[in-house]
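Undergrad: Structure file entry35.txt, compact mmCIF, C-alpha atoms and all ligand atoms, is pasted below:
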```
# COMPACT_ATOMS: atom_id res chain seq x y z
CA MET I 14 -30.97 -2.55 -30.26
CA THR I 15 -27.89 -3.33 -28.18
CA LYS I 16 -24.66 -1.67 -29.05
CA THR I 17 -21.24 -3.06 -28.24
CA GLN I 18 -19.10 -0.44 -26.55
CA PRO I 19 -15.60 -0.11 -28.01
CA PRO I 20 -12.82 -0.77 -25.48
CA GLU I 21 -11.82 2.42 -23.70
CA SER I 22 -8.33 2.70 -25.11
CA HIS I 23 -5.89 0.77 -27.22
CA SER I 24 -2.17 0.28 -27.30
CA PRO I 25 -0.41 0.97 -30.62
CA ASP I 26 -0.73 -2.70 -31.56
CA GLY I 27 -4.44 -2.65 -30.84
CA GLN I 28 -4.63 -4.32 -27.44
CA SER I 29 -7.06 -2.95 -24.87
CA LEU I 30 -5.86 -1.98 -21.40
CA GLU I 31 -7.69 -5.04 -20.04
CA GLU I 32 -5.78 -7.35 -22.38
CA LEU I 33 -2.48 -5.70 -21.52
CA VAL I 34 -3.21 -6.04 -17.78
CA LEU I 35 -3.93 -9.74 -18.08
CA ALA I 36 -0.86 -10.34 -20.21
CA ARG I 37 1.35 -8.47 -17.74
CA LEU I 38 0.09 -10.20 -14.61
CA ARG I 39 0.26 -13.58 -16.35
CA GLY I 40 3.80 -12.79 -17.50
CA ASN I 41 4.79 -11.95 -13.92
CA ARG I 42 3.17 -15.11 -12.55
CA ARG I 43 5.26 -17.41 -10.35
CA THR I 44 4.07 -20.83 -9.25
CA GLY I 45 5.65 -23.68 -7.35
CA TYR I 46 5.53 -25.93 -4.33
CA ASP I 47 6.45 -24.69 -0.88
CA PRO I 48 7.63 -27.53 1.39
CA PHE I 49 7.11 -25.66 4.68
CA TYR I 50 3.49 -24.71 4.06
CA ARG I 51 2.96 -27.81 1.85
CA PHE I 52 1.23 -25.50 -0.55
CA ASN I 53 1.23 -24.76 -4.27
CA TYR I 54 1.77 -21.03 -4.33
CA GLU I 55 0.69 -18.74 -7.17
CA TYR I 56 1.19 -14.99 -7.34
CA SER I 57 2.54 -12.25 -9.61
CA ILE I 58 5.89 -10.71 -8.79
CA PRO I 59 6.06 -6.89 -8.85
CA SER I 60 8.75 -6.63 -11.52
CA PRO I 61 11.03 -9.15 -13.26
CA GLY I 62 14.68 -8.65 -12.41
CA ARG I 63 13.90 -6.22 -9.59
CA TYR I 64 11.33 -7.56 -7.13
CA GLN I 65 11.04 -11.35 -7.19
CA TRP I 66 8.94 -12.17 -4.12
CA GLN I 67 5.36 -11.76 -3.03
CA TRP I 68 4.93 -8.24 -1.69
CA PHE I 69 1.88 -7.57 0.40
CA TRP I 70 0.35 -4.42 -1.05
CA ASP I 71 1.58 -5.19 -4.57
CA SER I 72 -0.37 -8.44 -4.39
CA CYS I 73 -3.46 -6.62 -3.13
CA PHE I 74 -3.28 -4.29 -6.16
CA HIS I 75 -2.81 -7.27 -8.49
CA ILE I 76 -5.88 -8.89 -6.95
CA ILE I 77 -7.92 -5.70 -7.45
CA ALA I 78 -6.80 -5.46 -11.09
CA LEU I 79 -7.57 -9.15 -11.69
CA ALA I 80 -10.89 -9.40 -9.85
CA LYS I 81 -13.08 -8.65 -12.87
CA LEU I 82 -10.69 -9.93 -15.53
CA ASP I 83 -9.74 -13.35 -14.16
CA ASN I 84 -11.36 -13.91 -10.79
CA GLY I 85 -9.76 -17.35 -10.34
CA MET I 86 -6.30 -15.86 -10.69
CA ALA I 87 -7.21 -13.16 -8.15
CA VAL I 88 -8.48 -15.79 -5.69
CA ARG I 89 -5.32 -17.90 -5.99
CA GLU I 90 -3.07 -14.89 -5.37
CA LEU I 91 -5.16 -14.03 -2.32
CA GLN I 92 -5.01 -17.60 -1.00
CA THR I 93 -1.24 -17.51 -1.41
CA LEU I 94 -1.03 -14.24 0.50
CA LEU I 95 -3.17 -15.64 3.32
CA THR I 96 -1.30 -18.93 3.55
CA ALA I 97 1.71 -17.24 5.16
CA GLN I 98 -0.50 -15.50 7.74
CA ARG I 99 0.60 -16.21 11.32
CA ASP I 100 -1.85 -17.69 13.80
CA ASP I 101 -2.02 -14.31 15.52
CA GLY I 102 -3.27 -12.64 12.31
CA PHE I 103 -0.03 -10.94 11.16
CA ILE I 104 0.94 -10.96 7.46
CA GLY I 105 4.46 -9.86 6.50
CA HIS I 106 5.32 -7.33 3.82
CA ILE I 107 7.30 -9.89 1.79
CA THR I 108 6.90 -13.66 1.56
CA TYR I 109 9.81 -15.60 0.08
CA TRP I 110 8.07 -18.61 -1.42
CA GLY I 111 9.71 -21.87 -2.34
CA ARG I 112 12.49 -24.18 -1.22
CA ARG I 113 14.99 -21.37 -0.61
CA GLY I 114 12.43 -19.34 1.36
CA ALA I 115 13.91 -19.84 4.84
CA PHE I 116 17.41 -19.04 3.61
CA LEU I 117 16.25 -15.83 1.89
CA SER I 118 14.22 -14.82 4.91
CA ALA I 119 17.35 -15.08 7.08
CA LEU I 120 19.54 -13.40 4.46
CA TYR I 121 17.46 -10.23 4.08
CA MET I 122 17.28 -9.74 7.86
CA GLN I 123 13.79 -8.29 7.87
CA SER I 124 12.25 -11.36 9.50
CA ARG I 125 11.83 -12.24 13.16
CA PHE I 126 14.91 -13.94 14.54
CA GLY I 127 14.31 -17.69 14.55
CA GLU I 128 11.15 -17.52 12.42
CA TRP I 129 12.86 -17.90 9.07
CA ARG I 130 11.06 -21.08 8.15
CA ARG I 131 7.86 -19.06 8.00
CA ARG I 132 9.37 -17.24 5.01
CA HIS I 133 7.92 -13.81 5.69
CA SER I 134 9.27 -10.48 6.82
CA ALA I 135 8.32 -9.10 10.22
CA MET I 136 7.17 -5.80 8.78
CA LEU I 137 3.89 -4.52 7.38
CA GLN I 138 2.73 -2.69 4.33
CA PRO I 139 -0.37 -0.49 3.93
CA PRO I 140 -3.33 -2.63 5.05
CA LEU I 141 -5.18 -2.97 1.78
CA LEU I 142 -6.41 -6.51 2.40
CA ALA I 143 -10.16 -5.93 2.85
CA GLN I 144 -10.32 -3.70 -0.25
CA ALA I 145 -8.75 -6.54 -2.27
CA VAL I 146 -11.15 -9.14 -0.86
CA GLU I 147 -14.08 -6.81 -1.53
CA ALA I 148 -13.02 -6.43 -5.17
CA VAL I 149 -12.95 -10.23 -5.55
CA TYR I 150 -16.28 -10.74 -3.77
CA ARG I 151 -18.13 -8.02 -5.74
CA ALA I 152 -17.00 -9.76 -8.92
CA ASN I 153 -17.81 -13.36 -7.93
CA ASN I 154 -20.65 -12.99 -5.39
CA ASP I 155 -19.43 -16.21 -3.84
CA ARG I 156 -20.61 -16.28 -0.26
CA ASP I 157 -18.63 -19.44 0.54
CA PHE I 158 -15.48 -17.66 -0.56
CA LEU I 159 -16.43 -14.72 1.65
CA ASN I 160 -17.18 -16.85 4.72
CA GLU I 161 -13.92 -18.69 4.35
CA THR I 162 -11.81 -15.58 3.79
CA LEU I 163 -13.30 -12.98 6.09
CA PRO I 164 -12.18 -14.45 9.45
CA LYS I 165 -8.57 -14.25 8.22
CA VAL I 166 -9.06 -10.66 7.09
CA LEU I 167 -10.54 -9.69 10.45
CA ALA I 168 -7.72 -11.46 12.31
CA TYR I 169 -5.27 -9.32 10.31
CA TYR I 170 -6.97 -6.03 11.26
CA ASP I 171 -7.28 -7.19 14.87
CA TRP I 172 -3.50 -7.77 14.92
CA LEU I 173 -2.83 -4.28 13.55
CA LEU I 174 -4.96 -2.58 16.16
CA ARG I 175 -3.76 -4.77 19.04
CA GLU I 176 -0.04 -4.59 18.26
CA ARG I 177 0.32 -1.19 16.66
CA ASP I 178 -2.23 0.79 18.65
CA PRO I 179 -1.94 -0.75 22.12
CA ASP I 180 -3.35 2.37 23.82
CA GLY I 181 -6.46 2.40 21.64
CA THR I 182 -5.79 5.87 20.19
CA GLY I 183 -7.42 4.82 16.91
CA LEU I 184 -4.12 5.27 15.03
CA ILE I 185 -1.51 2.62 14.20
CA SER I 186 2.25 3.25 14.10
CA ILE I 187 4.96 2.03 11.76
CA ILE I 188 8.41 0.84 12.85
CA SER I 189 10.26 1.52 9.58
CA PRO I 190 9.74 3.70 6.48
CA TYR I 191 9.46 0.43 4.53
CA GLU I 192 6.18 -0.27 6.31
CA CYS I 193 4.27 2.63 4.76
CA GLY I 194 5.32 1.50 1.29
CA MET I 195 6.81 4.95 0.46
CA ASP I 196 10.30 3.80 1.44
CA ASN I 197 12.57 6.80 0.81
CA SER I 198 10.00 9.55 1.30
CA PRO I 199 11.74 12.76 2.47
CA VAL I 200 9.31 12.98 5.38
CA PHE I 201 11.40 10.31 7.15
CA ASP I 202 14.80 11.97 6.55
CA SER I 203 14.87 13.88 9.84
CA VAL I 204 13.69 10.84 11.83
CA LEU I 205 16.57 8.85 10.33
CA GLY I 206 19.00 11.69 11.09
CA LEU I 207 19.54 12.57 7.42
CA SER I 208 19.47 15.78 5.43
CA HIS I 209 19.16 15.77 1.61
CA PRO I 210 20.46 12.18 1.56
CA GLY I 211 21.67 10.17 -1.41
CA ARG I 212 20.83 6.56 -2.23
CA PHE I 213 23.59 5.08 -0.13
CA GLY I 214 22.80 7.14 2.98
CA LEU I 215 19.15 6.12 2.81
CA LEU I 216 19.93 2.47 2.24
CA TRP I 217 22.44 2.38 5.08
CA LYS I 218 20.11 4.06 7.60
CA ASN I 219 17.10 1.95 6.67
CA ARG I 220 18.96 -1.35 6.70
CA THR I 221 20.63 -0.45 10.01
CA LEU I 222 17.19 0.31 11.38
CA ASP I 223 15.97 -3.15 10.29
CA LEU I 224 18.95 -4.74 12.02
CA ILE I 225 18.42 -2.80 15.25
CA ASN I 226 14.70 -3.63 15.17
CA MET I 227 15.62 -7.30 14.90
CA MET I 228 18.38 -7.33 17.53
CA ARG I 229 16.58 -5.17 20.05
CA GLY I 230 13.08 -6.58 20.45
CA ASN I 231 12.59 -8.76 17.36
CA PHE I 232 10.40 -6.18 15.57
CA ASP I 233 8.04 -5.84 18.54
CA HIS I 234 6.53 -2.35 18.45
CA SER I 235 5.99 -2.06 22.21
CA LYS I 236 9.69 -2.67 22.81
CA ILE I 237 10.70 -0.23 20.09
CA ARG I 238 8.41 2.40 21.59
CA ARG I 239 9.82 1.85 25.07
CA ARG I 240 13.33 2.68 23.89
CA ASN I 241 11.94 5.53 21.74
CA GLY I 242 13.05 3.93 18.48
CA PHE I 243 11.48 4.58 15.09
CA SER I 244 7.74 4.79 15.68
CA VAL I 245 5.77 7.02 13.32
CA VAL I 246 2.06 7.65 12.87
CA ASP I 247 1.66 7.93 9.12
CA PRO I 248 -1.50 9.47 7.59
CA LEU I 249 -1.39 7.20 4.53
CA MET I 250 -1.14 4.04 6.60
CA ASN I 251 -4.06 5.13 8.77
CA ALA I 252 -6.20 6.33 5.87
CA VAL I 253 -5.73 2.94 4.18
CA LEU I 254 -6.56 1.24 7.49
CA ALA I 255 -9.83 3.17 7.89
CA ASP I 256 -10.75 2.55 4.25
CA GLY I 257 -9.98 -1.15 4.77
CA LEU I 258 -12.11 -1.32 7.91
CA ARG I 259 -15.03 0.24 6.00
CA ALA I 260 -14.63 -2.47 3.35
CA ALA I 261 -14.38 -5.16 6.06
CA ALA I 262 -17.61 -3.90 7.65
CA ARG I 263 -19.45 -4.09 4.31
CA LEU I 264 -18.13 -7.62 3.79
CA ALA I 265 -19.07 -8.68 7.31
CA ALA I 266 -22.64 -7.44 6.76
CA ASP I 267 -22.94 -9.84 3.78
CA SER I 268 -21.40 -12.81 5.61
CA ASP I 269 -22.03 -15.23 8.48
CA LEU I 270 -20.22 -12.68 10.66
CA ALA I 271 -22.92 -10.04 10.17
CA GLY I 272 -22.98 -9.57 13.94
CA ARG I 273 -19.52 -7.98 13.80
CA ALA I 274 -20.34 -5.43 11.09
CA SER I 275 -21.35 -2.56 13.39
CA GLU I 276 -18.33 -3.04 15.65
CA ILE I 277 -15.96 -2.90 12.64
CA GLU I 278 -17.80 0.14 11.31
CA ALA I 279 -17.36 1.83 14.70
CA GLN I 280 -13.60 1.10 14.61
CA ALA I 281 -13.38 2.64 11.12
CA ALA I 282 -15.19 5.74 12.35
CA ALA I 283 -12.89 5.90 15.41
CA THR I 284 -9.79 5.76 13.22
CA GLU I 285 -11.19 8.45 10.92
CA ALA I 286 -12.03 10.64 13.92
CA ALA I 287 -8.51 10.14 15.34
CA ILE I 288 -6.92 11.06 12.01
CA ASN I 289 -8.93 14.26 12.02
CA GLU I 290 -8.30 15.07 15.67
CA GLN I 291 -4.62 14.19 15.88
CA LEU I 292 -3.16 14.60 12.40
CA TRP I 293 -5.08 17.49 10.82
CA ASP I 294 -3.30 20.85 10.74
CA GLU I 295 -5.81 23.65 10.32
CA GLU I 296 -3.27 26.20 9.13
CA LEU I 297 -1.56 23.96 6.60
CA GLY I 298 -4.84 22.43 5.45
CA TYR I 299 -3.47 18.89 5.32
CA TYR I 300 -2.48 15.97 7.57
CA VAL I 301 0.89 15.67 9.34
CA TYR I 302 2.98 12.70 10.47
CA LEU I 303 3.80 12.19 14.17
CA SER I 304 7.14 10.79 15.26
CA GLY I 305 8.41 9.20 18.48
CA LYS I 306 7.23 9.32 22.09
CA ASP I 307 6.84 13.09 22.07
CA ARG I 308 4.90 12.90 18.81
CA THR I 309 7.02 15.42 16.92
CA ARG I 310 5.08 16.79 13.94
CA LEU I 311 6.53 16.19 10.48
CA ASN I 312 5.02 18.72 8.08
CA ASP I 313 6.52 17.63 4.76
CA LEU I 314 3.85 17.74 2.08
CA THR I 315 3.73 14.28 0.49
CA ALA I 316 1.03 12.25 -1.24
CA GLY I 317 0.60 10.60 2.18
CA SER I 318 -0.24 13.93 3.85
CA ILE I 319 -3.29 14.43 1.63
CA MET I 320 -4.43 10.79 1.57
CA PRO I 321 -6.97 10.91 4.46
CA PHE I 322 -9.42 12.98 2.40
CA ILE I 323 -10.41 9.64 0.80
CA ASN I 324 -12.01 8.44 4.03
CA GLN I 325 -15.76 8.24 4.41
CA SER I 326 -16.26 10.59 7.36
CA THR I 327 -13.63 13.22 6.53
CA PRO I 328 -15.49 16.53 7.07
CA PRO I 329 -16.56 17.95 3.66
CA GLU I 330 -14.77 21.26 4.31
CA ARG I 331 -11.49 19.38 4.84
CA VAL I 332 -12.04 17.27 1.73
CA ARG I 333 -12.61 20.51 -0.19
CA ARG I 334 -9.47 22.14 1.18
CA VAL I 335 -7.27 19.14 0.46
CA VAL I 336 -8.67 18.60 -3.04
CA GLU I 337 -8.88 22.23 -4.15
CA ASP I 338 -5.90 23.77 -2.34
CA HIS I 339 -3.44 20.88 -2.67
CA LEU I 340 -4.39 18.03 -5.00
CA CYS I 341 -5.52 20.38 -7.78
CA ASN I 342 -2.82 22.97 -7.10
CA GLU I 343 -0.30 23.00 -9.96
CA GLU I 344 2.52 24.13 -7.69
CA GLU I 345 1.98 21.08 -5.49
CA PHE I 346 0.31 17.98 -6.94
CA TRP I 347 -1.55 18.76 -10.19
CA ALA I 348 1.29 18.07 -12.63
CA THR I 349 1.19 16.93 -16.27
CA LEU I 350 0.67 13.50 -14.73
CA PRO I 351 -0.73 13.89 -11.22
CA VAL I 352 -0.14 12.88 -8.37
CA PRO I 353 3.56 13.22 -7.51
CA SER I 354 4.63 11.37 -4.37
CA VAL I 355 6.02 14.63 -2.96
CA ALA I 356 4.68 18.14 -3.61
CA ARG I 357 6.44 19.86 -6.52
CA ASN I 358 7.42 22.80 -4.31
CA HIS I 359 9.04 20.60 -1.63
CA PRO I 360 12.82 21.30 -1.43
CA ASP I 361 13.64 17.60 -1.97
CA TYR I 362 11.22 17.10 -4.88
CA ASP I 363 13.05 15.21 -7.62
CA ALA I 364 10.92 14.33 -10.64
CA VAL I 365 13.59 12.40 -12.50
CA GLY I 366 15.76 10.76 -9.82
CA GLU I 367 15.70 6.99 -10.07
CA SER I 368 18.25 5.96 -7.48
CA SER I 369 16.10 6.89 -4.47
CA ILE I 370 12.38 6.25 -4.65
CA TRP I 371 9.23 8.09 -3.53
CA ARG I 372 10.87 11.51 -3.70
CA GLY I 373 8.71 12.94 -6.48
CA PRO I 374 7.67 10.44 -9.16
CA VAL I 375 4.06 9.32 -9.51
CA CYS I 376 3.05 5.86 -8.43
CA MET I 377 -0.03 4.36 -10.06
CA ASN I 378 -1.19 2.60 -6.91
CA LEU I 379 -1.60 5.88 -5.02
CA ASN I 380 -3.60 7.30 -7.92
CA TRP I 381 -6.01 4.39 -7.48
CA PHE I 382 -6.74 5.56 -3.92
CA PHE I 383 -7.10 9.18 -5.02
CA VAL I 384 -9.56 8.32 -7.78
CA ARG I 385 -11.55 6.18 -5.30
CA GLY I 386 -11.67 9.02 -2.75
CA LEU I 387 -12.57 11.68 -5.30
CA ARG I 388 -15.52 9.59 -6.51
CA LEU I 389 -16.66 8.84 -2.94
CA HIS I 390 -16.83 12.56 -2.21
CA GLY I 391 -18.52 13.52 -5.48
CA TYR I 392 -15.53 15.05 -7.29
CA ASP I 393 -16.30 13.02 -10.40
CA SER I 394 -14.85 15.28 -13.06
CA ILE I 395 -11.48 15.49 -11.27
CA ALA I 396 -11.57 11.71 -10.72
CA ASP I 397 -12.31 11.18 -14.43
CA GLU I 398 -9.43 13.40 -15.48
CA LEU I 399 -6.98 11.75 -13.08
CA ALA I 400 -8.13 8.30 -14.22
CA ARG I 401 -7.83 9.32 -17.88
CA ARG I 402 -4.25 10.54 -17.52
CA SER I 403 -3.28 7.56 -15.35
CA LYS I 404 -4.72 5.03 -17.81
CA GLU I 405 -3.00 6.77 -20.70
CA ALA I 406 0.37 6.39 -18.95
CA ALA I 407 -0.33 2.77 -17.98
CA GLN I 408 -1.48 1.92 -21.49
CA LYS I 409 1.91 3.01 -22.84
CA ASP I 410 3.98 1.18 -20.27
CA PHE I 411 3.46 -0.54 -16.89
CA ARG I 412 6.19 1.02 -14.77
CA GLU I 413 7.13 1.35 -11.12
CA PHE I 414 7.00 5.16 -11.34
CA TYR I 415 6.17 7.87 -13.84
CA SER I 416 7.54 11.37 -14.24
CA PRO I 417 4.96 13.89 -13.03
CA GLU I 418 6.38 16.39 -15.52
CA THR I 419 6.13 14.29 -18.69
CA GLY I 420 4.23 11.10 -17.81
CA ALA I 421 7.19 8.99 -19.00
CA GLY I 422 7.73 5.63 -17.25
CA MET I 423 10.58 5.30 -14.76
CA ARG I 424 12.60 2.64 -12.91
CA GLY I 425 11.06 -0.88 -12.55
CA THR I 426 9.66 -2.26 -15.81
CA GLU I 427 6.76 -4.65 -16.53
CA PHE I 428 5.42 -3.52 -13.19
CA GLY I 429 2.50 -5.38 -11.65
CA TRP I 430 0.71 -2.71 -9.64
CA ALA I 431 0.60 -0.23 -12.53
CA THR I 432 -2.11 -2.55 -13.89
CA VAL I 433 -4.50 -1.27 -11.21
CA ALA I 434 -5.17 1.70 -13.54
CA VAL I 435 -7.70 -0.64 -15.16
CA ASP I 436 -9.86 -0.34 -12.02
CA MET I 437 -9.97 3.47 -11.95
C1 LIG S 501 9.52 -0.84 -3.19
C2 LIG S 501 8.34 0.03 -2.75
C3 LIG S 501 7.31 -0.80 -2.04
C4 LIG S 501 6.89 -1.95 -2.93
C5 LIG S 501 8.10 -2.77 -3.38
C6 LIG S 501 7.75 -3.83 -4.39
O1 LIG S 501 10.21 -1.30 -2.10
O2 LIG S 501 8.74 1.12 -1.98
O3 LIG S 501 6.19 -0.02 -1.69
O4 LIG S 501 5.97 -2.77 -2.30
O5 LIG S 501 9.06 -1.91 -3.97
O6 LIG S 501 7.11 -3.27 -5.50
```
Please lay out the structure from this file as structure tokens.
Ligand code: GLC

TA:
Amino acid sequence: MTKTQPPESHSPDGQSLEELVLARLRGNRRTGYDPFYRFNYEYSIPSPGRYQWQWFWDSCFHIIALAKLDNGMAVRELQTLLTAQRDDGFIGHITYWGRRGAFLSALYMQSRFGEWRRRHSAMLQPPLLAQAVEAVYRANNDRDFLNETLPKVLAYYDWLLRERDPDGTGLISIISPYECGMDNSPVFDSVLGLSHPGRFGLLWKNRTLDLINMMRGNFDHSKIRRRNGFSVVDPLMNAVLADGLRAAARLAADSDLAGRASEIEAQAAATEAAINEQLWDEELGYYVYLSGKDRTRLNDLTAGSIMPFINQSTPPERVRRVVEDHLCNEEEFWATLPVPSVARNHPDYDAVGESSIWRGPVCMNLNWFFVRGLRLHGYDSIADELARRSKEAAQKDFREFYSPETGAGMRGTEFGWATVAVDM
């Protein structure tokens, strides 16, 4: 006899998380015609009234959430994301779709000088592309889709390694805090010349940095590095890169590009080895950030500093130390709702502040990575508990952040990437 499983959880008015996810991402949907690309775009915005454009990693999370629920919607968001890809493989962290796109691109001053018609910023976000494509492909098993999409995905990773790791160290660098997605994280304060900054100080420094990056070198990392500008090796960015390369290798093996699978796998392993050689701190038991030409170590304990445990070849003893000593430590990350973006015992930890972001509150998208890594390394009961608490918070409200102390939603409302809880 077959039994129908009841949906995992229900909102007060009886809707399942899956139904709520679909309703949210449909509600945030934006469609239209873009005259430059001659393309009918379709994507979900992160949050009405707050973030109106297509954001790179937000879209990847939307695609992951949608893959099993409405695969066609996921595919169209992915095609939109890839349409603004440059010929050299680069994809910007924001794309301003539509007739006003070039104007907005110039206005926000995060785009390459003179490239405004292309409608995208000149900065990155965590390279989650292959994970998103893998989610779509596992759900639709469509080899034509895979063969059409994979070359673009590989061109994107090739760009990252070529432009952001020109010496072949295995690690890529970021040229602005905005690139790692954790914009106002306190780990960047000292690099920006700030100490316990407020909202205005952070905004001013970051926007000035964008302007300098545009005026002096048009966002070209090699030029920024030469003048010793903002260039940081971020453990989160690199952990997401390695995880993405692993996904790309699996996809390649299933595609017409099967011949490239082992080379991509080797690059993933090289990045993981470099993370463990260059960023691991044996005494602290977590990963540090490196800043500037002299590679100054930044020891602040953030969700980014523990992220590399999720990678496939992280030595088991290091996974154990990160998970048991930090992630599950109540003084650091194991809060009422784990995982705060900054350790609870960090001097700048602020669980309730909403004016600056990424200085304490939990972000659902990072929890998705943590659950994925915990399962990969066999920590299933911790993964289950983290997924349970995350889904409970998402079920109540899709928000930009949540308080680690109470689980209450914070800041941006009707937030797209909080829907990724459905995939935990
Ligand atoms: C904020 C976040 C960034 C995100 C964007 C849109 O700028 O820091 O990571 O992509 O909002 O949600």

Undergrad: Would you mind listing the residues within 9 Å of ligand LIG 501 (chain S), counting only C-alpha atoms and all ligand atoms, as a PyMOL selection string?

TA: chain I and resi 58-60+63-72+106-107+138-139+190-197+370-371+413+425+428-430

Undergrad: Using all atoms listed in the file, which residue out of I:Ser57, I:Thr327, I:Ser134, I:Ser268 lies closest to Ala78 in chain I?

TA: I:Ser57

Undergrad: What is the distance, in Å and to one decimal place, between CA of Met320 in chain I and CA of Met250 in chain I?

TA: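 Spanning CA of Met320 in chain I to CA of Met250 in chain I is a straight-line distance of 9.0 Å.
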
Undergrad: Around range 103-111 of chain I, fit a box with edges along x, y and z, padding it by 8 Å on each side, then list its centre and edge lengths in Å to one decimal as JSON.

TA:
```
{"center_x": 4.9, "center_y": -14.6, "center_z": 4.4, "size_x": 25.8, "size_y": 30.5, "size_z": 29.5}
```

Undergrad: Which residues are near range 373-378 of chain I? Cut-off 8 Å, only C-alpha atoms, ignore same chain within fewer than 2 positions. Put them as a list in words.

TA: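 Residues meeting the cut-off are Phe74, Leu350, Pro351, Val352, Pro353, Ser354, Val355, Ala356, Arg357, Tyr362, Asp363, Ala364, Val365, Ile370, Trp371, Asn380, Trp381, Phe382, Ser403, Glu413, Phe414, Tyr415, Ser416, Pro417, Trp430, Ala431, Val433 and Ala434 of chain I.
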
Undergrad: So what do you get for CA of Ala286 in chain I versus CA of Ile185 in chain I, distance-wise?

TA: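 CA of Ala286 in chain I sits 13.2 Å away from CA of Ile185 in chain I.
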
Undergrad: Please measure the separation of CA of Gly105 in chain I and CA of Leu379 in chain I, giving the value in Å to one decimal.

TA: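 Rounded to one decimal, the two atoms are 20.4 Å apart.
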
Undergrad: Dump as a Markdown table the rows for residues of range 193-235 of chain I within 8 Å of range 120-127 of chain I: closest atom pair and distance in Å with one decimal, all atoms listed in the file counted, ordered by chain and rising residue number.

TA:
```
| residue | atom | partner | partner_atom | distance |
| --- | --- | --- | --- | --- |
| I:Asp223 | CA | I:Gln123 | CA | 6.1 |
| I:Leu224 | CA | I:Met122 | CA | 6.7 |
| I:Met227 | CA | I:Arg125 | CA | 6.5 |
| I:Asn231 | CA | I:Arg125 | CA | 5.5 |
| I:Phe232 | CA | I:Arg125 | CA | 6.7 |
```

Undergrad: Neighbouring residues of Glu90 in chain I were defined as those with any atom within 8 Å, considering all atoms listed in the file; residues of the same chain fewer than 3 positions away were excluded. Please report them as a list in words.

TA: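 Those residues are Tyr54, Glu55, Tyr56, Ser57, Ser72, Ile76, Met86, Ala87, Thr93 and Leu94 of chain I.
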
Undergrad: Take the residues from that selection and put them in a file with C-alpha atoms, as a PDB file, in the frame of the given file.

TA:
```pdb
ATOM      1  CA  TYR I  54       1.770 -21.030  -4.330  1.00  0.00           C
ATOM      2  CA  GLU I  55       0.690 -18.740  -7.170  1.00  0.00           C
ATOM      3  CA  TYR I  56       1.190 -14.990  -7.340  1.00  0.00           C
ATOM      4  CA  SER I  57       2.540 -12.250  -9.610  1.00  0.00           C
ATOM      5  CA  SER I  72      -0.370  -8.440  -4.390  1.00  0.00           C
ATOM      6  CA  ILE I  76      -5.880  -8.890  -6.950  1.00  0.00           C
ATOM      7  CA  MET I  86      -6.300 -15.860 -10.690  1.00  0.00           C
ATOM      8  CA  ALA I  87      -7.210 -13.160  -8.150  1.00  0.00           C
ATOM      9  CA  THR I  93      -1.240 -17.510  -1.410  1.00  0.00           C
ATOM     10  CA  LEU I  94      -1.030 -14.240   0.500  1.00  0.00           C
TER      11      LEU I  94
END
```

Undergrad: Give the answer as one residue: which of I:Ala261, I:Thr44, I:Ile104, I:Glu32 has the shortest atom-to-atom distance to Glu278 in chain I, using all atoms listed in the file?

TA: I:Ala261

Undergrad: Select, counting all atoms listed in the file, all protein, DNA and RNA residues no farther than 6 Å from (-7.5, -10.3, 5.7) in file coordinates, and express the selection as a list in words.

TA: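 All residues meeting the 6 Å criterion around (-7.5, -10.3, 5.7) are Leu142, Ala143, Lys165, Val166, Leu167 and Tyr169 of chain I.
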